[in-house]
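The data block below is query.pdb; it holds PDB, C-alpha atoms.
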ATOM      1  CA  MET A 258      -4.660   7.307 -20.248  1.00  0.00           C
ATOM      2  CA  ILE A 259      -3.297   5.910 -17.004  1.00  0.00           C
ATOM      3  CA  ARG A 260      -1.358   8.052 -14.560  1.00  0.00           C
ATOM      4  CA  ALA A 261      -0.252   6.263 -11.383  1.00  0.00           C
ATOM      5  CA  ALA A 262       2.537   7.482  -9.142  1.00  0.00           C
ATOM      6  CA  ILE A 263       3.932   7.719  -5.642  1.00  0.00           C
ATOM      7  CA  THR A 264       4.786  11.316  -4.772  1.00  0.00           C
ATOM      8  CA  SER A 265       6.263  13.315  -1.922  1.00  0.00           C
ATOM      9  CA  ALA A 266       4.541  16.576  -2.900  1.00  0.00           C
ATOM     10  CA  ALA A 267       0.801  17.176  -2.562  1.00  0.00           C
ATOM     11  CA  PRO A 268      -1.170  16.600  -5.755  1.00  0.00           C
ATOM     12  CA  ASP A 269      -2.352  19.755  -7.565  1.00  0.00           C
ATOM     13  CA  ILE A 270      -6.002  18.810  -7.749  1.00  0.00           C
ATOM     14  CA  ALA A 271      -7.052  21.556 -10.158  1.00  0.00           C
ATOM     15  CA  ALA A 272      -4.330  20.483 -12.584  1.00  0.00           C
ATOM     16  CA  GLU A 273      -5.189  16.797 -12.200  1.00  0.00           C
ATOM     17  CA  LEU A 274      -8.890  17.431 -12.841  1.00  0.00           C
ATOM     18  CA  ALA A 275      -8.098  19.664 -15.819  1.00  0.00           C
ATOM     19  CA  ARG A 276      -5.997  16.869 -17.301  1.00  0.00           C
ATOM     20  CA  LEU A 277      -8.951  14.472 -16.996  1.00  0.00           C
ATOM     21  CA  GLU A 278     -11.461  17.028 -18.308  1.00  0.00           C
ATOM     22  CA  ALA A 279      -9.352  17.472 -21.447  1.00  0.00           C
ATOM     23  CA  LEU A 280      -9.895  13.835 -22.480  1.00  0.00           C
ATOM     24  CA  GLY A 281     -13.263  14.496 -24.103  1.00  0.00           C
ATOM     25  CA  GLY A 282     -15.513  12.530 -21.733  1.00  0.00           C
ATOM     26  CA  GLY A 283     -18.811  13.611 -20.201  1.00  0.00           C
ATOM     27  CA  GLY A 284     -18.075  12.698 -16.582  1.00  0.00           C
ATOM     28  CA  ILE A 285     -15.173  13.199 -14.187  1.00  0.00           C
ATOM     29  CA  ALA A 286     -15.158  11.686 -10.680  1.00  0.00           C
ATOM     30  CA  SER A 287     -12.546  12.135  -7.990  1.00  0.00           C
ATOM     31  CA  PHE A 288     -11.706  11.188  -4.418  1.00  0.00           C
ATOM     32  CA  THR A 289      -9.182  12.938  -2.190  1.00  0.00           C
ATOM     33  CA  GLY A 290      -7.997  11.323   1.042  1.00  0.00           C
ATOM     34  CA  ILE A 291      -6.973  13.809   3.737  1.00  0.00           C
ATOM     35  CA  VAL A 292      -5.126  13.451   7.062  1.00  0.00           C
ATOM     36  CA  ARG A 293      -8.031  13.569   9.529  1.00  0.00           C
ATOM     37  CA  GLY A 294      -7.671  15.850  12.533  1.00  0.00           C
ATOM     38  CA  GLU A 295      -7.956  13.701  15.663  1.00  0.00           C
ATOM     39  CA  ASP A 296      -7.269  14.456  19.303  1.00  0.00           C
ATOM     40  CA  GLY A 297      -3.567  14.315  20.023  1.00  0.00           C
ATOM     41  CA  LEU A 298      -2.509  13.713  16.425  1.00  0.00           C
ATOM     42  CA  ALA A 299       0.495  15.827  15.412  1.00  0.00           C
ATOM     43  CA  ALA A 300       1.215  14.252  12.020  1.00  0.00           C
ATOM     44  CA  LEU A 301       0.682  11.124   9.977  1.00  0.00           C
ATOM     45  CA  GLU A 302       3.633   9.265   8.510  1.00  0.00           C
ATOM     46  CA  LEU A 303       3.201   7.216   5.350  1.00  0.00           C
ATOM     47  CA  GLU A 304       5.895   4.593   4.955  1.00  0.00           C
ATOM     48  CA  ALA A 305       6.137   3.203   1.430  1.00  0.00           C
ATOM     49  CA  TRP A 306       7.916   0.461  -0.426  1.00  0.00           C
ATOM     50  CA  PRO A 307       8.564   2.759  -3.377  1.00  0.00           C
ATOM     51  CA  ALA A 308       9.540   0.229  -6.060  1.00  0.00           C
ATOM     52  CA  MET A 309       6.574  -2.013  -5.454  1.00  0.00           C
ATOM     53  CA  ALA A 310       4.134   0.780  -4.596  1.00  0.00           C
ATOM     54  CA  GLU A 311       4.531   2.402  -7.992  1.00  0.00           C
ATOM     55  CA  ARG A 312       3.966  -0.911  -9.692  1.00  0.00           C
ATOM     56  CA  ALA A 313       0.989  -1.802  -7.487  1.00  0.00           C
ATOM     57  CA  LEU A 314      -0.675   1.569  -8.142  1.00  0.00           C
ATOM     58  CA  GLY A 315      -0.150   1.080 -11.875  1.00  0.00           C
ATOM     59  CA  GLU A 316      -1.697  -2.372 -11.745  1.00  0.00           C
ATOM     60  CA  ILE A 317      -4.689  -1.141  -9.731  1.00  0.00           C
ATOM     61  CA  ALA A 318      -5.241   1.676 -12.234  1.00  0.00           C
ATOM     62  CA  GLY A 319      -4.883  -0.822 -15.080  1.00  0.00           C
ATOM     63  CA  GLU A 320      -7.461  -3.081 -13.455  1.00  0.00           C
ATOM     64  CA  ALA A 321      -9.936  -0.193 -13.278  1.00  0.00           C
ATOM     65  CA  ALA A 322      -9.327   0.581 -16.946  1.00  0.00           C
ATOM     66  CA  ALA A 323      -9.975  -3.065 -17.798  1.00  0.00           C
ATOM     67  CA  ARG A 324     -13.243  -3.221 -15.830  1.00  0.00           C
ATOM     68  CA  TRP A 325     -14.831   0.084 -16.864  1.00  0.00           C
ATOM     69  CA  PRO A 326     -14.848   2.057 -20.120  1.00  0.00           C
ATOM     70  CA  LEU A 327     -12.604   4.872 -18.902  1.00  0.00           C
ATOM     71  CA  LEU A 328     -10.922   7.609 -20.871  1.00  0.00           C
ATOM     72  CA  GLY A 329      -8.517   8.392 -18.068  1.00  0.00           C
ATOM     73  CA  VAL A 330      -7.428   7.094 -14.652  1.00  0.00           C
ATOM     74  CA  THR A 331      -5.269   8.984 -12.152  1.00  0.00           C
ATOM     75  CA  LEU A 332      -4.035   7.397  -8.922  1.00  0.00           C
ATOM     76  CA  LEU A 333      -1.521   9.394  -6.878  1.00  0.00           C
ATOM     77  CA  HIS A 334      -0.366   8.335  -3.406  1.00  0.00           C
ATOM     78  CA  ARG A 335       1.976  10.275  -1.158  1.00  0.00           C
ATOM     79  CA  HIS A 336       4.629   9.105   1.257  1.00  0.00           C
ATOM     80  CA  GLY A 337       6.481  10.911   4.019  1.00  0.00           C
ATOM     81  CA  VAL A 338       5.302  12.822   7.076  1.00  0.00           C
ATOM     82  CA  LEU A 339       2.029  14.710   6.481  1.00  0.00           C
ATOM     83  CA  GLU A 340       0.268  17.231   8.683  1.00  0.00           C
ATOM     84  CA  VAL A 341      -3.421  17.307   9.534  1.00  0.00           C
ATOM     85  CA  GLY A 342      -5.415  18.492   6.519  1.00  0.00           C
ATOM     86  CA  GLU A 343      -2.797  17.444   3.971  1.00  0.00           C
ATOM     87  CA  ARG A 344      -3.716  15.295   0.969  1.00  0.00           C
ATOM     88  CA  ILE A 345      -2.661  11.641   1.187  1.00  0.00           C
ATOM     89  CA  VAL A 346      -4.183  10.174  -1.931  1.00  0.00           C
ATOM     90  CA  PHE A 347      -5.921  11.428  -5.073  1.00  0.00           C
ATOM     91  CA  VAL A 348      -8.075   9.303  -7.355  1.00  0.00           C
ATOM     92  CA  GLY A 349      -9.559  10.691 -10.559  1.00  0.00           C
ATOM     93  CA  THR A 350     -11.466   9.067 -13.405  1.00  0.00           C
ATOM     94  CA  ALA A 351     -12.826  10.276 -16.719  1.00  0.00           C
ATOM     95  CA  ALA A 352     -15.487   8.485 -18.748  1.00  0.00           C
ATOM     96  CA  ALA A 353     -18.139   9.171 -21.344  1.00  0.00           C
ATOM     97  CA  HIS A 354     -20.852   8.930 -18.664  1.00  0.00           C
ATOM     98  CA  ARG A 355     -21.029   9.285 -14.883  1.00  0.00           C
ATOM     99  CA  ALA A 356     -21.615   5.666 -13.826  1.00  0.00           C
ATOM    100  CA  PRO A 357     -18.279   4.175 -14.877  1.00  0.00           C
ATOM    101  CA  ALA A 358     -16.429   7.247 -13.592  1.00  0.00           C
ATOM    102  CA  LEU A 359     -18.080   7.051 -10.153  1.00  0.00           C
ATOM    103  CA  GLU A 360     -17.852   3.265  -9.813  1.00  0.00           C
ATOM    104  CA  ALA A 361     -14.225   3.094 -10.923  1.00  0.00           C
ATOM    105  CA  CYS A 362     -13.340   5.898  -8.513  1.00  0.00           C
ATOM    106  CA  ALA A 363     -14.764   3.927  -5.561  1.00  0.00           C
ATOM    107  CA  PHE A 364     -13.024   0.762  -6.751  1.00  0.00           C
ATOM    108  CA  LEU A 365      -9.670   2.542  -7.040  1.00  0.00           C
ATOM    109  CA  ILE A 366      -9.612   3.889  -3.496  1.00  0.00           C
ATOM    110  CA  ASP A 367     -10.874   0.586  -2.042  1.00  0.00           C
ATOM    111  CA  TRP A 368      -8.115  -1.362  -3.772  1.00  0.00           C
ATOM    112  CA  ALA A 369      -5.445   1.252  -3.114  1.00  0.00           C
ATOM    113  CA  LYS A 370      -6.152   0.951   0.614  1.00  0.00           C
ATOM    114  CA  THR A 371      -5.672  -2.812   0.666  1.00  0.00           C
ATOM    115  CA  LYS A 372      -3.375  -3.712  -2.234  1.00  0.00           C
ATOM    116  CA  ALA A 373      -0.610  -1.104  -2.298  1.00  0.00           C
ATOM    117  CA  PRO A 374       2.389  -1.299   0.063  1.00  0.00           C
ATOM    118  CA  PHE A 375       1.949   1.717   2.328  1.00  0.00           C
ATOM    119  CA  TRP A 376       1.838   1.798   6.125  1.00  0.00           C
ATOM    120  CA  LYS A 377       0.482   4.623   8.286  1.00  0.00           C
ATOM    121  CA  ARG A 378       2.020   5.653  11.584  1.00  0.00           C
ATOM    122  CA  GLU A 379       0.609   8.320  13.870  1.00  0.00           C
ATOM    123  CA  HIS A 380       2.922  10.891  15.433  1.00  0.00           C
ATOM    124  CA  ARG A 381       1.219  11.987  18.662  1.00  0.00           C
ATOM    125  CA  ASP A 382       1.436  15.367  20.375  1.00  0.00           C
ATOM    126  CA  ASP A 383       3.201  13.705  23.334  1.00  0.00           C
ATOM    127  CA  GLY A 384       6.014  12.527  21.054  1.00  0.00           C
ATOM    128  CA  SER A 385       4.919   8.899  20.889  1.00  0.00           C
ATOM    129  CA  ARG A 386       4.413   7.034  17.604  1.00  0.00           C
ATOM    130  CA  ARG A 387       1.840   4.379  16.862  1.00  0.00           C
ATOM    131  CA  TRP A 388       1.346   2.132  13.814  1.00  0.00           C
ATOM    132  CA  ILE A 389      -2.216   2.139  12.506  1.00  0.00           C
ATOM    133  CA  GLU A 390      -3.865  -1.282  12.454  1.00  0.00           C
ATOM    134  CA  ALA A 391      -5.461  -2.570   9.254  1.00  0.00           C
ATOM    135  CA  ARG A 392      -9.266  -2.373   9.398  1.00  0.00           C
ATOM    136  CA  HIS A 393     -11.572  -5.252   8.511  1.00  0.00           C
ATOM    137  CA  ALA A 394     -13.976  -2.703   7.029  1.00  0.00           C
ATOM    138  CA  ASP A 395     -11.324  -1.796   4.448  1.00  0.00           C
ATOM    139  CA  ASP A 396     -10.832  -5.453   3.514  1.00  0.00           C
ATOM    140  CA  ALA A 397     -14.587  -5.873   3.181  1.00  0.00           C
ATOM    141  CA  ALA A 398     -14.828  -2.766   1.011  1.00  0.00           C
ATOM    142  CA  ALA A 399     -12.104  -4.098  -1.295  1.00  0.00           C
ATOM    143  CA  ALA A 400     -13.605  -7.615  -1.374  1.00  0.00           C
ATOM    144  CA  ARG A 401     -16.944  -6.404  -2.703  1.00  0.00           C
ATOM    145  CA  TRP A 402     -15.256  -5.690  -6.044  1.00  0.00           C
ATOM    146  CA  GLY A 403     -14.213  -9.341  -6.369  1.00  0.00           C
TER     147      GLY A 403
ATOM    148  CA  MET B 277      21.269 -15.879  -1.812  1.00  0.00           C
ATOM    149  CA  LEU B 278      17.918 -14.460  -0.805  1.00  0.00           C
ATOM    150  CA  ARG B 279      17.337 -10.772  -0.195  1.00  0.00           C
ATOM    151  CA  LEU B 280      15.000 -10.047   2.712  1.00  0.00           C
ATOM    152  CA  LEU B 281      13.132  -6.736   3.067  1.00  0.00           C
ATOM    153  CA  TYR B 282      11.288  -5.579   6.196  1.00  0.00           C
ATOM    154  CA  PHE B 283       8.723  -2.799   6.425  1.00  0.00           C
ATOM    155  CA  ALA B 284       6.822  -0.830   9.056  1.00  0.00           C
ATOM    156  CA  ARG B 285       6.343  -2.621  12.401  1.00  0.00           C
ATOM    157  CA  VAL B 286       8.378  -5.621  11.228  1.00  0.00           C
ATOM    158  CA  ARG B 287      11.314  -3.401  10.222  1.00  0.00           C
ATOM    159  CA  GLU B 288      11.125  -1.521  13.486  1.00  0.00           C
ATOM    160  CA  ALA B 289      11.069  -4.646  15.684  1.00  0.00           C
ATOM    161  CA  ILE B 290      13.916  -6.339  13.801  1.00  0.00           C
ATOM    162  CA  GLY B 291      15.910  -3.108  13.779  1.00  0.00           C
ATOM    163  CA  ARG B 292      16.973  -3.164  10.133  1.00  0.00           C
ATOM    164  CA  ASP B 293      15.273  -2.745   6.772  1.00  0.00           C
ATOM    165  CA  GLY B 294      16.696  -5.851   5.172  1.00  0.00           C
ATOM    166  CA  GLU B 295      19.519  -8.347   4.830  1.00  0.00           C
ATOM    167  CA  GLU B 296      20.968 -10.977   2.505  1.00  0.00           C
ATOM    168  CA  ILE B 297      20.870 -14.570   3.679  1.00  0.00           C
ATOM    169  CA  GLU B 298      21.900 -17.959   2.377  1.00  0.00           C
ATOM    170  CA  ARG B 299      18.696 -19.740   1.567  1.00  0.00           C
ATOM    171  CA  PRO B 300      18.219 -22.425   4.231  1.00  0.00           C
ATOM    172  CA  ALA B 301      17.892 -25.853   2.628  1.00  0.00           C
ATOM    173  CA  MET B 302      15.112 -26.742   5.059  1.00  0.00           C
ATOM    174  CA  ALA B 303      12.894 -23.800   4.140  1.00  0.00           C
ATOM    175  CA  GLU B 304      10.471 -24.828   1.428  1.00  0.00           C
ATOM    176  CA  THR B 305       7.817 -22.159   2.023  1.00  0.00           C
ATOM    177  CA  ILE B 306       7.793 -18.597   3.300  1.00  0.00           C
ATOM    178  CA  ALA B 307       6.304 -19.859   6.565  1.00  0.00           C
ATOM    179  CA  ASP B 308       9.232 -22.281   6.984  1.00  0.00           C
ATOM    180  CA  LEU B 309      11.689 -19.426   6.579  1.00  0.00           C
ATOM    181  CA  VAL B 310       9.695 -17.204   8.946  1.00  0.00           C
ATOM    182  CA  ASP B 311       9.933 -19.982  11.564  1.00  0.00           C
ATOM    183  CA  LEU B 312      13.714 -20.053  11.181  1.00  0.00           C
ATOM    184  CA  LEU B 313      13.978 -16.262  11.392  1.00  0.00           C
ATOM    185  CA  ALA B 314      11.716 -16.127  14.461  1.00  0.00           C
ATOM    186  CA  ALA B 315      13.952 -18.736  16.130  1.00  0.00           C
ATOM    187  CA  ARG B 316      16.742 -16.146  16.135  1.00  0.00           C
ATOM    188  CA  GLY B 317      14.824 -14.611  19.056  1.00  0.00           C
ATOM    189  CA  GLY B 318      14.880 -10.957  20.132  1.00  0.00           C
ATOM    190  CA  GLY B 319      13.383  -8.537  17.647  1.00  0.00           C
ATOM    191  CA  TYR B 320      12.888 -11.305  15.080  1.00  0.00           C
ATOM    192  CA  ALA B 321      10.724 -13.315  17.464  1.00  0.00           C
ATOM    193  CA  GLU B 322       8.753 -10.193  18.370  1.00  0.00           C
ATOM    194  CA  ALA B 323       8.292  -9.046  14.760  1.00  0.00           C
ATOM    195  CA  LEU B 324       7.209 -12.446  13.471  1.00  0.00           C
ATOM    196  CA  ALA B 325       5.227 -13.773  16.456  1.00  0.00           C
ATOM    197  CA  ASP B 326       1.731 -12.976  15.203  1.00  0.00           C
ATOM    198  CA  ARG B 327       1.381 -14.661  11.818  1.00  0.00           C
ATOM    199  CA  SER B 328      -2.182 -13.360  11.438  1.00  0.00           C
ATOM    200  CA  ARG B 329      -0.677  -9.880  11.167  1.00  0.00           C
ATOM    201  CA  LEU B 330       2.168 -10.834   8.843  1.00  0.00           C
ATOM    202  CA  ARG B 331       2.075 -10.467   5.054  1.00  0.00           C
ATOM    203  CA  ALA B 332       4.629 -11.318   2.394  1.00  0.00           C
ATOM    204  CA  ALA B 333       5.697 -10.505  -1.143  1.00  0.00           C
ATOM    205  CA  LEU B 334       7.973 -12.656  -3.290  1.00  0.00           C
ATOM    206  CA  ASP B 335       9.802 -10.731  -6.004  1.00  0.00           C
ATOM    207  CA  GLN B 336       7.311  -7.871  -5.494  1.00  0.00           C
ATOM    208  CA  ARG B 337       4.177 -10.044  -5.713  1.00  0.00           C
ATOM    209  CA  PHE B 338       1.846 -10.401  -2.732  1.00  0.00           C
ATOM    210  CA  VAL B 339       1.635 -14.081  -1.817  1.00  0.00           C
ATOM    211  CA  PRO B 340       0.272 -16.099   1.127  1.00  0.00           C
ATOM    212  CA  LEU B 341       2.717 -17.287   3.793  1.00  0.00           C
ATOM    213  CA  ASP B 342       2.360 -20.904   2.668  1.00  0.00           C
ATOM    214  CA  ALA B 343       3.660 -20.036  -0.806  1.00  0.00           C
ATOM    215  CA  PRO B 344       6.812 -21.907  -1.859  1.00  0.00           C
ATOM    216  CA  LEU B 345      10.018 -19.870  -1.933  1.00  0.00           C
ATOM    217  CA  ALA B 346      10.907 -21.628  -5.202  1.00  0.00           C
ATOM    218  CA  ASP B 347      13.652 -19.646  -6.935  1.00  0.00           C
ATOM    219  CA  ALA B 348      12.616 -16.203  -5.682  1.00  0.00           C
ATOM    220  CA  ARG B 349      15.393 -13.675  -5.200  1.00  0.00           C
ATOM    221  CA  GLU B 350      13.599 -11.274  -2.862  1.00  0.00           C
ATOM    222  CA  LEU B 351      11.209 -11.822   0.038  1.00  0.00           C
ATOM    223  CA  ALA B 352       9.509  -8.914   1.805  1.00  0.00           C
ATOM    224  CA  LEU B 353       7.820  -9.296   5.207  1.00  0.00           C
ATOM    225  CA  PHE B 354       5.464  -6.649   6.571  1.00  0.00           C
ATOM    226  CA  PRO B 355       2.181  -6.048   8.425  1.00  0.00           C
ATOM    227  CA  PRO B 356      -1.117  -5.685   6.536  1.00  0.00           C
ATOM    228  CA  VAL B 357      -0.978  -2.503   4.445  1.00  0.00           C
ATOM    229  CA  THR B 358      -2.760   0.630   5.688  1.00  0.00           C
ATOM    230  CA  GLY B 359      -2.357   3.224   2.927  1.00  0.00           C
ATOM    231  CA  GLY B 360      -4.981   5.246   1.135  1.00  0.00           C
TER     232      GLY B 360
END
As C-alpha cells:
Amino acid sequence: MIRAAITSAAPDIAAELARLEALGGGGIASFTGIVRGEDGLAALELEAWPAMAERALGEIAGEAAARWPLLGVTLLHRHGVLEVGERIVFVGTAAAHRAPALEACAFLIDWAKTKAPFWKREHRDDGSRRWIEARHADDAAAARWG
Amino acid sequence: MLRLLYFARVREAIGRDGEEIERPAMAETIADLVDLLAARGGGYAEALADRSRLRAALDQRFVPLDAPLADARELALFPPVTGG
C-alpha cells in the first residue's frame, strides 16, 4: 500500500503510524523531518512544483516498494511557510521484519531530499530571505543507494 | 511552442514563474536554449549564469542540461532541489 502526497497541513503522525500498523506486519519504521531552530531563523518556506512533486514522491515510494518487501509505504511532504518545530516530511514503512522497514525508511528520506522538486528558503528574524544551498552530503547519502 | 517553468532562485531572478516561447530553431539541447535565454541579459543572465547550480526537467522528467529538447512541450529550470 503506497501513500505519497504533498500536503499543506502537518501530518497526523499517530494516524499515519496506526494506518501502517494495521497492515499486519511485524515492524514499522518512521522518520519525521522537523524545522530546526537556528539562530535568527523565523520560519522556513518550502517551495514546491506541485504537479511534479506528487509524481516524484509516488515514484520514490514505488522504488522503495520494488527494492524491499514492504507491506506499506507512506511519504508525505509539506509545502508552504513552516515555523520552527513544525513537521516538514514524514516517512513511514511497514514490513514483516525490522530490516526492510528500517532500510527502506532511510532510503526514502535520502531520495526525497535529492529527487523531489522542493526548495527551502529561510525567513530570517531581520526580514531577509535566503535560499538554502543543496548539500553534497545529501547527494552522497542518496548515491549510496545506487 | 515550448512552455518554460522557473522555480526558486531562478524564478526569483527572472521575475516570473514561466512563459511560452517559440522554440528557437538553433536550440538542439537544453543547454543551447539556456544560452539563448541567458543572452537576454538582466535577470535571465543572473539566473542562468552558474550552470553548475542549474537543473532541468523536460515534461516533468529530470534530465541533464545536455539532453536534446526533441519534441518536449515543457521545460523547467531550477536550482538543485533542497526538500526533505
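Residues from chain A that have an atom within 6 Å of chain B, counting only C-alpha atoms, are Met309, Val346, Ala369, Lys370, Pro374, Phe375, Trp376, Lys377 and Ala391 of chain A.
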Save out the residues we just selected, C-alpha atoms, as a JSON list (two decimals), in the coordinates of the input.
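The resulting file, out_27.json, is shown below:
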[["chain", "number", "residue", "atom", "x", "y", "z"],
["A", 309, "MET", "CA", 6.57, -2.01, -5.45],
["A", 346, "VAL", "CA", -4.18, 10.17, -1.93],
["A", 369, "ALA", "CA", -5.44, 1.25, -3.11],
["A", 370, "LYS", "CA", -6.15, 0.95, 0.61],
["A", 374, "PRO", "CA", 2.39, -1.30, 0.06],
["A", 375, "PHE", "CA", 1.95, 1.72, 2.33],
["A", 376, "TRP", "CA", 1.84, 1.80, 6.12],
["A", 377, "LYS", "CA", 0.48, 4.62, 8.29],
["A", 391, "ALA", "CA", -5.46, -2.57, 9.25]]
Provide the CA of Ala318 (chain A) to CA of Glu360 (chain A) distance in Å, to one decimal place.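 Those two atoms sit 12.9 Å apart.
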Tell me, as a ChimeraX atom specification, which residues lie within 7 Å of Ala323 (chain B), counting all atoms listed in the file; anything in the same chain fewer than 3 positions away does not count. /B:286,289-290,319-320
Residues within 6 Å of region 294-302 of chain A, please, as number ranges by chain. Count all atoms listed in the file; anything in the same chain fewer than 4 positions from it doesn't count. A: 337-341, 377-382
Give as a PyMOL selection string the residues that the PyMOL selection byres ((chain B and resi 302-311) around 6) matches when applied to the coordinates above. chain B and resi 300-301+312-314+341-345
Restricting to all atoms listed in the file, whichever of A:Asp383, A:Trp325, A:Gly403, A:Thr264 is closest to Ala356 (chain A) is A:Trp325
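CA of Arg355 (chain A) is positioned 7.2 Å from CA of Gly283 (chain A).
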The centre and edge lengths of an axis-aligned box containing all atoms of region 313-330 of chain B present in the file, extended by 3 Å on each side, are to be given in Å to one decimal, as lines of an AutoDock Vina configuration file.
center_x = 7.3
center_y = -13.6
center_z = 14.5
size_x = 24.9
size_y = 16.2
size_z = 17.3
Give me, please, the distance in Å between CA of Ile285 (chain A) and CA of Ile317 (chain A), quoted to one decimal.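 A separation of 18.3 Å between them.
Among the candidate residues A:Ala361, A:Ile366, A:Ala313, A:Ile263, the one lying nearest to Arg335 (chain A) is A:Ile263, with distances computed using all atoms listed in the file.
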Expanded to explicit residues, what is the PyMOL selection byres ((chain A and resi 315) around 9) for this file, as a list in words?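 Output from the PyMOL selection byres ((chain A and resi 315) around 9), applied to this file: Ile259, Arg260, Ala261, Ala262, Ala310, Glu311, Arg312, Ala313, Leu314, Glu316, Ile317, Ala318, Gly319, Glu320 and Leu332 of chain A.
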Have a look at A:Pro268, A:Glu273, A:Lys372, A:Arg344 and name the one nearest to Ala332 (chain B); count only C-alpha atoms. A:Lys372
(-16.5, 12.6, -0.8) in this file's frame - what residues fall within 12 Å of it? Use only C-alpha atoms and give the answer as a compact mmCIF listing (two decimals) with C-alpha atoms, in the frame of the given file.
# COMPACT_ATOMS: atom_id res chain seq x y z
CA ALA A 286 -15.16 11.69 -10.68
CA SER A 287 -12.55 12.14 -7.99
CA PHE A 288 -11.71 11.19 -4.42
CA THR A 289 -9.18 12.94 -2.19
CA GLY A 290 -8.00 11.32 1.04
CA ILE A 291 -6.97 13.81 3.74
CA PHE A 347 -5.92 11.43 -5.07
CA VAL A 348 -8.07 9.30 -7.36
CA LEU A 359 -18.08 7.05 -10.15
CA CYS A 362 -13.34 5.90 -8.51
CA ALA A 363 -14.76 3.93 -5.56
CA ILE A 366 -9.61 3.89 -3.50
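What the PyMOL selection byres ((chain B and resi 349) around 8) grabs from this file is Met277, Leu278, Arg279, Leu334, Asp335, Asp347, Ala348, Glu350 and Leu351 of chain B.
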Please, could N, CA and C atoms be added to region 321-339 of chain B and the result written as a PDB file, keeping the file's coordinate frame?
ATOM      1  N   ALA B 321      11.829 -12.583  16.849  1.00  0.00           N
ATOM      2  CA  ALA B 321      10.724 -13.315  17.464  1.00  0.00           C
ATOM      3  C   ALA B 321       9.528 -12.389  17.667  1.00  0.00           C
ATOM      4  N   GLU B 322       9.825 -11.160  18.124  1.00  0.00           N
ATOM      5  CA  GLU B 322       8.753 -10.193  18.370  1.00  0.00           C
ATOM      6  C   GLU B 322       8.053  -9.807  17.058  1.00  0.00           C
ATOM      7  N   ALA B 323       8.854  -9.523  16.033  1.00  0.00           N
ATOM      8  CA  ALA B 323       8.292  -9.046  14.760  1.00  0.00           C
ATOM      9  C   ALA B 323       7.445 -10.105  14.071  1.00  0.00           C
ATOM     10  N   LEU B 324       7.817 -11.381  14.263  1.00  0.00           N
ATOM     11  CA  LEU B 324       7.209 -12.446  13.471  1.00  0.00           C
ATOM     12  C   LEU B 324       6.277 -13.327  14.287  1.00  0.00           C
ATOM     13  N   ALA B 325       6.010 -12.926  15.549  1.00  0.00           N
ATOM     14  CA  ALA B 325       5.227 -13.773  16.456  1.00  0.00           C
ATOM     15  C   ALA B 325       3.797 -13.976  15.957  1.00  0.00           C
ATOM     16  N   ASP B 326       3.154 -12.897  15.554  1.00  0.00           N
ATOM     17  CA  ASP B 326       1.731 -12.976  15.203  1.00  0.00           C
ATOM     18  C   ASP B 326       1.579 -13.149  13.691  1.00  0.00           C
ATOM     19  N   ARG B 327       1.429 -14.400  13.258  1.00  0.00           N
ATOM     20  CA  ARG B 327       1.381 -14.661  11.818  1.00  0.00           C
ATOM     21  C   ARG B 327       0.101 -14.123  11.177  1.00  0.00           C
ATOM     22  N   SER B 328      -0.943 -13.900  12.008  1.00  0.00           N
ATOM     23  CA  SER B 328      -2.182 -13.360  11.438  1.00  0.00           C
ATOM     24  C   SER B 328      -1.991 -11.908  11.016  1.00  0.00           C
ATOM     25  N   ARG B 329      -0.946 -11.273  11.541  1.00  0.00           N
ATOM     26  CA  ARG B 329      -0.677  -9.880  11.167  1.00  0.00           C
ATOM     27  C   ARG B 329       0.618  -9.760  10.359  1.00  0.00           C
ATOM     28  N   LEU B 330       0.962 -10.843   9.672  1.00  0.00           N
ATOM     29  CA  LEU B 330       2.168 -10.834   8.843  1.00  0.00           C
ATOM     30  C   LEU B 330       1.778 -11.101   7.389  1.00  0.00           C
ATOM     31  N   ARG B 331       2.324 -10.296   6.486  1.00  0.00           N
ATOM     32  CA  ARG B 331       2.075 -10.467   5.054  1.00  0.00           C
ATOM     33  C   ARG B 331       3.416 -10.576   4.351  1.00  0.00           C
ATOM     34  N   ALA B 332       3.376 -11.093   3.108  1.00  0.00           N
ATOM     35  CA  ALA B 332       4.629 -11.318   2.394  1.00  0.00           C
ATOM     36  C   ALA B 332       4.494 -10.987   0.916  1.00  0.00           C
ATOM     37  N   ALA B 333       5.624 -10.666   0.311  1.00  0.00           N
ATOM     38  CA  ALA B 333       5.697 -10.505  -1.143  1.00  0.00           C
ATOM     39  C   ALA B 333       6.969 -11.189  -1.626  1.00  0.00           C
ATOM     40  N   LEU B 334       6.835 -11.988  -2.661  1.00  0.00           N
ATOM     41  CA  LEU B 334       7.973 -12.656  -3.290  1.00  0.00           C
ATOM     42  C   LEU B 334       8.243 -11.964  -4.616  1.00  0.00           C
ATOM     43  N   ASP B 335       9.451 -11.451  -4.775  1.00  0.00           N
ATOM     44  CA  ASP B 335       9.802 -10.731  -6.004  1.00  0.00           C
ATOM     45  C   ASP B 335       8.715  -9.720  -6.367  1.00  0.00           C
ATOM     46  N   GLN B 336       8.284  -8.968  -5.349  1.00  0.00           N
ATOM     47  CA  GLN B 336       7.311  -7.871  -5.494  1.00  0.00           C
ATOM     48  C   GLN B 336       5.918  -8.336  -5.902  1.00  0.00           C
ATOM     49  N   ARG B 337       5.538  -9.554  -5.524  1.00  0.00           N
ATOM     50  CA  ARG B 337       4.177 -10.044  -5.713  1.00  0.00           C
ATOM     51  C   ARG B 337       3.639 -10.475  -4.364  1.00  0.00           C
ATOM     52  N   PHE B 338       2.459  -9.959  -3.978  1.00  0.00           N
ATOM     53  CA  PHE B 338       1.846 -10.401  -2.732  1.00  0.00           C
ATOM     54  C   PHE B 338       1.519 -11.885  -2.842  1.00  0.00           C
ATOM     55  N   VAL B 339       1.912 -12.642  -1.833  1.00  0.00           N
ATOM     56  CA  VAL B 339       1.635 -14.081  -1.817  1.00  0.00           C
ATOM     57  C   VAL B 339       1.292 -14.490  -0.385  1.00  0.00           C
TER      58      VAL B 339
END
